[in-house]
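Q: I have a structure here, written as structure tokens, and I will follow up with some questions on it.
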Amino acid sequence: MQTDEFQAIVEYDEHHWWYRGRRRVVHAALGKLPLPEGARVLDAGCGTGRTMDELLSYGDVQGFDLNPLGVEHAKGRGHADVRLARVEETPYEDDSFDLVTCLDVIEHTPDDVVSLRELLRVTRPGGWLVVTVPAYQMLWSSHDVANQHYRRYRRSQLAAAGEAAGWEPAAWTYFNTFMFPPGAAVRVLERLRRPHKRRGRPNVALTPRSWDGALEWPMRIEAGLIRRGARLPVGMSLMMVFRRPAPRTAPAPEIPHVAGAGVNNL
């Protein structure tokens, strides 16, 4: 990620409608998982550490990020165990965590299966992984170029990458659904009109701060729907919940329908 894009995250992470909305959507999914009390939680690609603040309600939280600025900011928020590392080389021992979150990270990695396999390694058997990614390759734009993405995803692609890494897909939903029509139109038109030109401003700076409250409401509604078991069929982003299979000798716990769909519906 380029420095100006990361600095924009630092400036906007707390108040911008997109980041606030994504936290609500992720919380809606996490609230359905049967996590143990005092769970060990890892935020893989923790950015500024803002999401780690939210994850503290689920247990002991650790994190890492590839960007030294991210590590610095996360530690500045009071998170003691934040490390500098690549997701392909997660700096923790095997079977360490009950829950791993990896939010808008694996699209930055050359080989998503390698990244997901490494996250599997550090997750305890029966533990959970929550992943968010940008959706639909057809929406590729200067935003993806500036953020050094390798790809955008359909649910079948993300599920296949997870399964290839050893994960068991549990549930999925798209989100940022209400903004999909205008967002898709803007990105497609941009690609047609100036395919080789990078957008001058970071993506989060395209809407004024005074709009944040209004623009967050659609994702508030989406989070409420997901919490009630809905599965949104389309959106600018995709969230998928995976479970690390438990040993065959132990009975596998029932997989909750985080977004209204089980494994057989993937």
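Ordered as shown in the structure tokens, chains take letters A, B, and onward, while each chain numbers its residues from 1 and ligands are numbered from 1 in the order shown.
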From the DSSP assignment of the backbone, select every residue of region 152-218 of chain A that is strand (DSSP E or B), and format the answer as a list of chain:residue names.

A: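 Filtering region 152-218 of chain A to strand (DSSP E or B) leaves A:Tyr153, A:Glu168, A:Pro169, A:Ala170, A:Ala171, A:Trp172, A:Thr173, A:Tyr174, A:Phe175.
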
Q: At a cut-off of 12 Å, can you tabulate as CSV every residue of region 17-128 of chain A near region 163-169 of chain A together with its closest atom pair and the distance in Å to one decimal, using only C-alpha atoms and ordering rows by chain then number?

A:
residue,atom,partner,partner_atom,distance
A:Asp111,CA,A:Ala165,CA,10.8
A:Asp112,CA,A:Ala165,CA,8.8
A:Val113,CA,A:Ala165,CA,5.4
A:Val114,CA,A:Ala165,CA,7.0
A:Ser115,CA,A:Ala165,CA,8.3
A:Leu116,CA,A:Ala165,CA,5.8
A:Arg117,CA,A:Ala165,CA,4.5
A:Glu118,CA,A:Ala165,CA,8.3
A:Leu119,CA,A:Ala165,CA,9.1
A:Leu120,CA,A:Trp167,CA,7.0
A:Arg121,CA,A:Gly166,CA,9.5
A:Thr123,CA,A:Trp167,CA,10.3
A:Arg124,CA,A:Trp167,CA,11.7
A:Pro125,CA,A:Trp167,CA,10.3
A:Gly126,CA,A:Glu168,CA,9.9
A:Gly127,CA,A:Trp167,CA,10.1
A:Trp128,CA,A:Trp167,CA,9.2

Q: I need the residues from that last selection saved to file as a PDB file, in the first residue's frame (with N, CA and C atoms), if you can.

A:
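Final output, again_39.pdb:
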ATOM      1  N   ASP A 111      -0.071 -14.986  -3.370  1.00  0.00           N
ATOM      2  CA  ASP A 111      -0.681 -16.316  -3.360  1.00  0.00           C
ATOM      3  C   ASP A 111      -1.616 -16.396  -2.159  1.00  0.00           C
ATOM      4  N   ASP A 112      -2.905 -16.298  -2.400  1.00  0.00           N
ATOM      5  CA  ASP A 112      -3.849 -16.280  -1.284  1.00  0.00           C
ATOM      6  C   ASP A 112      -3.931 -17.624  -0.572  1.00  0.00           C
ATOM      7  N   VAL A 113      -3.692 -18.729  -1.282  1.00  0.00           N
ATOM      8  CA  VAL A 113      -3.728 -20.041  -0.640  1.00  0.00           C
ATOM      9  C   VAL A 113      -2.599 -20.166   0.378  1.00  0.00           C
ATOM     10  N   VAL A 114      -1.421 -19.700   0.016  1.00  0.00           N
ATOM     11  CA  VAL A 114      -0.293 -19.716   0.956  1.00  0.00           C
ATOM     12  C   VAL A 114      -0.639 -18.893   2.196  1.00  0.00           C
ATOM     13  N   SER A 115      -1.224 -17.731   2.001  1.00  0.00           N
ATOM     14  CA  SER A 115      -1.584 -16.868   3.127  1.00  0.00           C
ATOM     15  C   SER A 115      -2.620 -17.532   4.016  1.00  0.00           C
ATOM     16  N   LEU A 116      -3.647 -18.113   3.410  1.00  0.00           N
ATOM     17  CA  LEU A 116      -4.701 -18.753   4.191  1.00  0.00           C
ATOM     18  C   LEU A 116      -4.196 -20.010   4.898  1.00  0.00           C
ATOM     19  N   ARG A 117      -3.256 -20.714   4.281  1.00  0.00           N
ATOM     20  CA  ARG A 117      -2.685 -21.895   4.927  1.00  0.00           C
ATOM     21  C   ARG A 117      -1.870 -21.505   6.153  1.00  0.00           C
ATOM     22  N   GLU A 118      -1.179 -20.374   6.079  1.00  0.00           N
ATOM     23  CA  GLU A 118      -0.405 -19.912   7.227  1.00  0.00           C
ATOM     24  C   GLU A 118      -1.328 -19.491   8.366  1.00  0.00           C
ATOM     25  N   LEU A 119      -2.453 -18.879   8.044  1.00  0.00           N
ATOM     26  CA  LEU A 119      -3.418 -18.523   9.079  1.00  0.00           C
ATOM     27  C   LEU A 119      -4.056 -19.768   9.689  1.00  0.00           C
ATOM     28  N   LEU A 120      -4.230 -20.817   8.884  1.00  0.00           N
ATOM     29  CA  LEU A 120      -4.717 -22.095   9.409  1.00  0.00           C
ATOM     30  C   LEU A 120      -3.744 -22.664  10.434  1.00  0.00           C
ATOM     31  N   ARG A 121      -2.465 -22.554  10.135  1.00  0.00           N
ATOM     32  CA  ARG A 121      -1.439 -23.114  11.021  1.00  0.00           C
ATOM     33  C   ARG A 121      -1.524 -22.536  12.424  1.00  0.00           C
ATOM     34  N   THR A 123      -4.129 -21.213  13.884  1.00  0.00           N
ATOM     35  CA  THR A 123      -5.461 -21.328  14.471  1.00  0.00           C
ATOM     36  C   THR A 123      -5.624 -22.700  15.113  1.00  0.00           C
ATOM     37  N   ARG A 124      -6.251 -22.733  16.270  1.00  0.00           N
ATOM     38  CA  ARG A 124      -6.480 -24.004  16.945  1.00  0.00           C
ATOM     39  C   ARG A 124      -7.524 -24.837  16.204  1.00  0.00           C
ATOM     40  N   PRO A 125      -7.429 -26.167  16.252  1.00  0.00           N
ATOM     41  CA  PRO A 125      -8.477 -27.000  15.650  1.00  0.00           C
ATOM     42  C   PRO A 125      -9.847 -26.607  16.202  1.00  0.00           C
ATOM     43  N   GLY A 126     -10.796 -26.429  15.316  1.00  0.00           N
ATOM     44  CA  GLY A 126     -12.109 -25.964  15.717  1.00  0.00           C
ATOM     45  C   GLY A 126     -12.225 -24.459  15.798  1.00  0.00           C
ATOM     46  N   GLY A 127     -11.103 -23.738  15.572  1.00  0.00           N
ATOM     47  CA  GLY A 127     -11.102 -22.287  15.635  1.00  0.00           C
ATOM     48  C   GLY A 127     -11.624 -21.668  14.348  1.00  0.00           C
ATOM     49  N   TRP A 128     -11.723 -20.347  14.361  1.00  0.00           N
ATOM     50  CA  TRP A 128     -12.434 -19.622  13.310  1.00  0.00           C
ATOM     51  C   TRP A 128     -11.564 -18.575  12.624  1.00  0.00           C
TER      52      TRP A 128
END

Q: Can you list, as a PyMOL selection string, every protein, DNA or RNA residue that comes within 8 Å of Gly224 (chain A) when you count only C-alpha atoms, leaving out same-chain residues fewer than 4 positions away?

A: chain A and resi 28+220+228

Q: So that I can see what lies close to Arg23 (chain A), please list as a compact mmCIF listing (two decimals) with N, CA and C atoms, in the first residue's frame the residues with an atom at most 10 Å from it, counting only C-alpha atoms and leaving out residues fewer than 2 positions away in the same chain.

A:
# COMPACT_ATOMS: atom_id res chain seq x y z
N TRP A 17 -17.41 6.41 7.06
CA TRP A 17 -18.56 5.50 7.01
C TRP A 17 -18.18 4.09 6.60
N TRP A 18 -17.19 3.95 5.70
CA TRP A 18 -16.81 2.61 5.25
C TRP A 18 -16.19 1.80 6.38
N TYR A 19 -15.23 2.37 7.09
CA TYR A 19 -14.56 1.63 8.16
C TYR A 19 -15.52 1.34 9.31
N ARG A 20 -16.34 2.32 9.67
CA ARG A 20 -17.33 2.10 10.73
C ARG A 20 -18.34 1.03 10.30
N GLY A 21 -18.75 1.09 9.05
CA GLY A 21 -19.70 0.10 8.57
C GLY A 21 -19.11 -1.30 8.53
N VAL A 25 -20.43 -4.80 10.38
CA VAL A 25 -20.70 -6.04 9.67
C VAL A 25 -19.89 -7.19 10.26
N VAL A 26 -18.62 -6.97 10.53
CA VAL A 26 -17.77 -8.01 11.11
C VAL A 26 -18.28 -8.38 12.50
N HIS A 27 -18.66 -7.39 13.28
CA HIS A 27 -19.18 -7.67 14.63
C HIS A 27 -20.45 -8.52 14.55
N ALA A 28 -21.28 -8.27 13.54
CA ALA A 28 -22.49 -9.07 13.38
C ALA A 28 -22.16 -10.54 13.16
N ARG A 50 -7.21 -0.08 14.93
CA ARG A 50 -8.57 0.31 15.34
C ARG A 50 -9.48 -0.89 15.52
N THR A 51 -9.40 -1.87 14.63
CA THR A 51 -10.23 -3.07 14.77
C THR A 51 -9.83 -3.87 16.00
N GLU A 54 -11.94 -3.11 18.95
CA GLU A 54 -13.24 -3.79 18.98
C GLU A 54 -13.09 -5.25 19.40
N LEU A 55 -12.03 -5.89 18.95
CA LEU A 55 -11.84 -7.31 19.22
C LEU A 55 -11.56 -7.62 20.68
N LEU A 103 -8.91 -8.82 7.54
CA LEU A 103 -9.87 -7.92 6.91
C LEU A 103 -9.21 -7.12 5.81
N MET A 219 -25.04 0.49 5.83
CA MET A 219 -24.27 -0.63 6.38
C MET A 219 -24.73 -0.98 7.79
N ARG A 220 -25.31 -0.03 8.51
CA ARG A 220 -25.97 -0.36 9.78
C ARG A 220 -27.12 -1.35 9.53
N ALA A 223 -25.70 -4.77 8.59
CA ALA A 223 -25.21 -5.49 9.77
C ALA A 223 -26.37 -6.09 10.55

Q: Find the distance between CA of Asp98 (chain A) and CA of Leu35 (chain A) and write it in Å to one decimal.

A: 7.1 Å

Q: If you count only C-alpha atoms, which residues fall within 7 Å of Thr177 (chain A), apart from same-chain ones fewer than 6 positions away, as a list in words?

A: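 Result of the neighbour search: Val234, Gly235 and Met236 of chain A.
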
Q: Extract the full set of alpha helix (DSSP H) residues from region 40-167 of chain A according to DSSP on the backbone, and format it as a PyMOL selection string.

A: chain A and resi 50-55+68-76+112-122+142-146+155-165

Q: Just the residues within 12 Å of Asp60 (chain A), please, counting only C-alpha atoms, with nothing from its chain fewer than 4 positions along; format it as a ChimeraX atom specification.

A: /A:36-43,52-56,79-81,96-100

Q: Mind dumping the selected residues with N, CA and C atoms as a PDB file, in the first residue's frame?

A:
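Final output, saved to selection03.pdb:
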ATOM      1  N   PRO A  36     -14.746 -19.373  22.980  1.00  0.00           N
ATOM      2  CA  PRO A  36     -14.589 -19.591  24.428  1.00  0.00           C
ATOM      3  C   PRO A  36     -14.395 -18.269  25.150  1.00  0.00           C
ATOM      4  N   GLU A  37     -14.718 -18.266  26.424  1.00  0.00           N
ATOM      5  CA  GLU A  37     -14.484 -17.068  27.226  1.00  0.00           C
ATOM      6  C   GLU A  37     -12.984 -16.793  27.284  1.00  0.00           C
ATOM      7  N   GLY A  38     -12.610 -15.526  27.112  1.00  0.00           N
ATOM      8  CA  GLY A  38     -11.190 -15.178  27.108  1.00  0.00           C
ATOM      9  C   GLY A  38     -10.450 -15.753  25.929  1.00  0.00           C
ATOM     10  N   ALA A  39     -11.085 -15.779  24.781  1.00  0.00           N
ATOM     11  CA  ALA A  39     -10.469 -16.349  23.574  1.00  0.00           C
ATOM     12  C   ALA A  39      -9.183 -15.615  23.215  1.00  0.00           C
ATOM     13  N   ARG A  40      -8.277 -16.332  22.584  1.00  0.00           N
ATOM     14  CA  ARG A  40      -7.093 -15.713  22.011  1.00  0.00           C
ATOM     15  C   ARG A  40      -7.420 -15.316  20.584  1.00  0.00           C
ATOM     16  N   VAL A  41      -7.214 -14.047  20.277  1.00  0.00           N
ATOM     17  CA  VAL A  41      -7.649 -13.474  19.009  1.00  0.00           C
ATOM     18  C   VAL A  41      -6.449 -12.850  18.306  1.00  0.00           C
ATOM     19  N   LEU A  42      -6.379 -13.056  16.991  1.00  0.00           N
ATOM     20  CA  LEU A  42      -5.326 -12.460  16.177  1.00  0.00           C
ATOM     21  C   LEU A  42      -5.961 -11.634  15.075  1.00  0.00           C
ATOM     22  N   ASP A  43      -5.505 -10.384  14.935  1.00  0.00           N
ATOM     23  CA  ASP A  43      -5.904  -9.560  13.803  1.00  0.00           C
ATOM     24  C   ASP A  43      -4.741  -9.546  12.820  1.00  0.00           C
ATOM     25  N   MET A  52      -8.564  -3.834  16.367  1.00  0.00           N
ATOM     26  CA  MET A  52      -8.133  -4.536  17.576  1.00  0.00           C
ATOM     27  C   MET A  52      -8.864  -3.997  18.802  1.00  0.00           C
ATOM     28  N   ASP A  53      -9.158  -2.702  18.808  1.00  0.00           N
ATOM     29  CA  ASP A  53      -9.932  -2.135  19.919  1.00  0.00           C
ATOM     30  C   ASP A  53     -11.258  -2.871  20.061  1.00  0.00           C
ATOM     31  N   GLU A  54     -11.944  -3.114  18.951  1.00  0.00           N
ATOM     32  CA  GLU A  54     -13.237  -3.786  18.980  1.00  0.00           C
ATOM     33  C   GLU A  54     -13.091  -5.253  19.396  1.00  0.00           C
ATOM     34  N   LEU A  55     -12.025  -5.894  18.949  1.00  0.00           N
ATOM     35  CA  LEU A  55     -11.843  -7.315  19.220  1.00  0.00           C
ATOM     36  C   LEU A  55     -11.560  -7.617  20.684  1.00  0.00           C
ATOM     37  N   LEU A  56     -11.186  -6.609  21.455  1.00  0.00           N
ATOM     38  CA  LEU A  56     -10.911  -6.826  22.878  1.00  0.00           C
ATOM     39  C   LEU A  56     -12.124  -7.372  23.622  1.00  0.00           C
ATOM     40  N   HIS A  79      -1.961  -1.370  22.269  1.00  0.00           N
ATOM     41  CA  HIS A  79      -1.856  -2.812  22.026  1.00  0.00           C
ATOM     42  C   HIS A  79      -0.381  -3.212  22.104  1.00  0.00           C
ATOM     43  N   ALA A  80      -0.050  -3.956  23.118  1.00  0.00           N
ATOM     44  CA  ALA A  80       1.359  -4.238  23.409  1.00  0.00           C
ATOM     45  C   ALA A  80       1.976  -5.219  22.417  1.00  0.00           C
ATOM     46  N   ASP A  81       1.222  -6.261  22.050  1.00  0.00           N
ATOM     47  CA  ASP A  81       1.782  -7.300  21.189  1.00  0.00           C
ATOM     48  C   ASP A  81       1.330  -7.083  19.756  1.00  0.00           C
ATOM     49  N   SER A  96      -2.333 -21.446  17.980  1.00  0.00           N
ATOM     50  CA  SER A  96      -2.260 -20.409  19.014  1.00  0.00           C
ATOM     51  C   SER A  96      -3.584 -19.683  19.273  1.00  0.00           C
ATOM     52  N   PHE A  97      -4.481 -19.606  18.284  1.00  0.00           N
ATOM     53  CA  PHE A  97      -5.610 -18.686  18.391  1.00  0.00           C
ATOM     54  C   PHE A  97      -6.957 -19.381  18.179  1.00  0.00           C
ATOM     55  N   ASP A  98      -7.944 -18.881  18.914  1.00  0.00           N
ATOM     56  CA  ASP A  98      -9.321 -19.357  18.747  1.00  0.00           C
ATOM     57  C   ASP A  98     -10.023 -18.641  17.597  1.00  0.00           C
ATOM     58  N   LEU A  99      -9.588 -17.418  17.329  1.00  0.00           N
ATOM     59  CA  LEU A  99     -10.203 -16.607  16.280  1.00  0.00           C
ATOM     60  C   LEU A  99      -9.127 -15.795  15.580  1.00  0.00           C
ATOM     61  N   VAL A 100      -9.169 -15.779  14.262  1.00  0.00           N
ATOM     62  CA  VAL A 100      -8.306 -14.921  13.458  1.00  0.00           C
ATOM     63  C   VAL A 100      -9.200 -14.075  12.567  1.00  0.00           C
TER      64      VAL A 100
END

Q: So what do you get for CA of Thr101 (chain A) versus CA of Ala29 (chain A), distance-wise?

A: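 The value is 11.1 Å.
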
Q: I need the residue nearest Ile221 (chain A) from this list: A:His15, A:Arg22, A:Arg248, A:Lys75. Use only C-alpha atoms for the distance.

A: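 Using only C-alpha atoms, Ile221 (chain A) sits closest to A:Arg22.
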
Q: Taking into account only C-alpha atoms, which residue in the set A:Trp217, A:Val188, A:Gln148, A:Asp95 is nearest to Ala246 (chain A)?

A: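 With only C-alpha atoms as the atom set, the closest residue is A:Asp95.
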
Q: Find the distance between CA of Met138 (chain A) and CA of Tyr150 (chain A) and write it in Å to one decimal.

A: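 CA of Tyr150 (chain A) lies at a distance of 13.2 Å from CA of Met138 (chain A).
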
Q: Of the candidates A:Pro34, A:Gly76, A:Pro233, A:Gly183, which shows the shortest atom-to-atom distance to Tyr58 (chain A), using only C-alpha atoms?

A: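 Among the listed residues, the smallest separation from Tyr58 (chain A) belongs to A:Pro34.
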
Q: Mind checking which residues fall within 7 Å of Ile226 (chain A), counting only C-alpha atoms, ignoring those fewer than 4 positions away in the same chain, and posting them as a short mmCIF file (atom, residue, chain, number, x, y, z; two decimals) with N, CA and C atoms, in the first residue's frame?

A:
data_model
loop_
_atom_site.label_atom_id
_atom_site.label_comp_id
_atom_site.auth_asym_id
_atom_site.auth_seq_id
_atom_site.Cartn_x
_atom_site.Cartn_y
_atom_site.Cartn_z
N ALA A 28 -21.28 -8.27 13.54
CA ALA A 28 -22.49 -9.07 13.38
C ALA A 28 -22.16 -10.54 13.16
N GLU A 222 -27.46 -3.31 6.92
CA GLU A 222 -26.89 -4.58 6.47
C GLU A 222 -26.39 -5.41 7.65
N ALA A 230 -29.47 -13.06 7.60
CA ALA A 230 -29.58 -12.80 6.17
C ALA A 230 -28.24 -13.02 5.48
N ARG A 231 -28.33 -13.34 4.21
CA ARG A 231 -27.15 -13.47 3.37
C ARG A 231 -27.35 -12.54 2.18
N ALA A 259 -24.34 -16.12 8.14
CA ALA A 259 -25.00 -15.24 7.18
C ALA A 259 -26.10 -15.98 6.42
#

Q: Which one is closest to Tyr174 (chain A): A:Thr207, A:Thr48, A:Ser237, A:Thr90? Count only C-alpha atoms.

A: A:Ser237

Q: Would you mind telling me which residue in A:Arg86, A:Lys32, A:His73, A:Arg227 lies nearest to Ala170 (chain A) when using only C-alpha atoms?

A: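 Ranking A:Arg86, A:Lys32, A:His73, A:Arg227 by distance to Ala170 (chain A), first place goes to A:Lys32.
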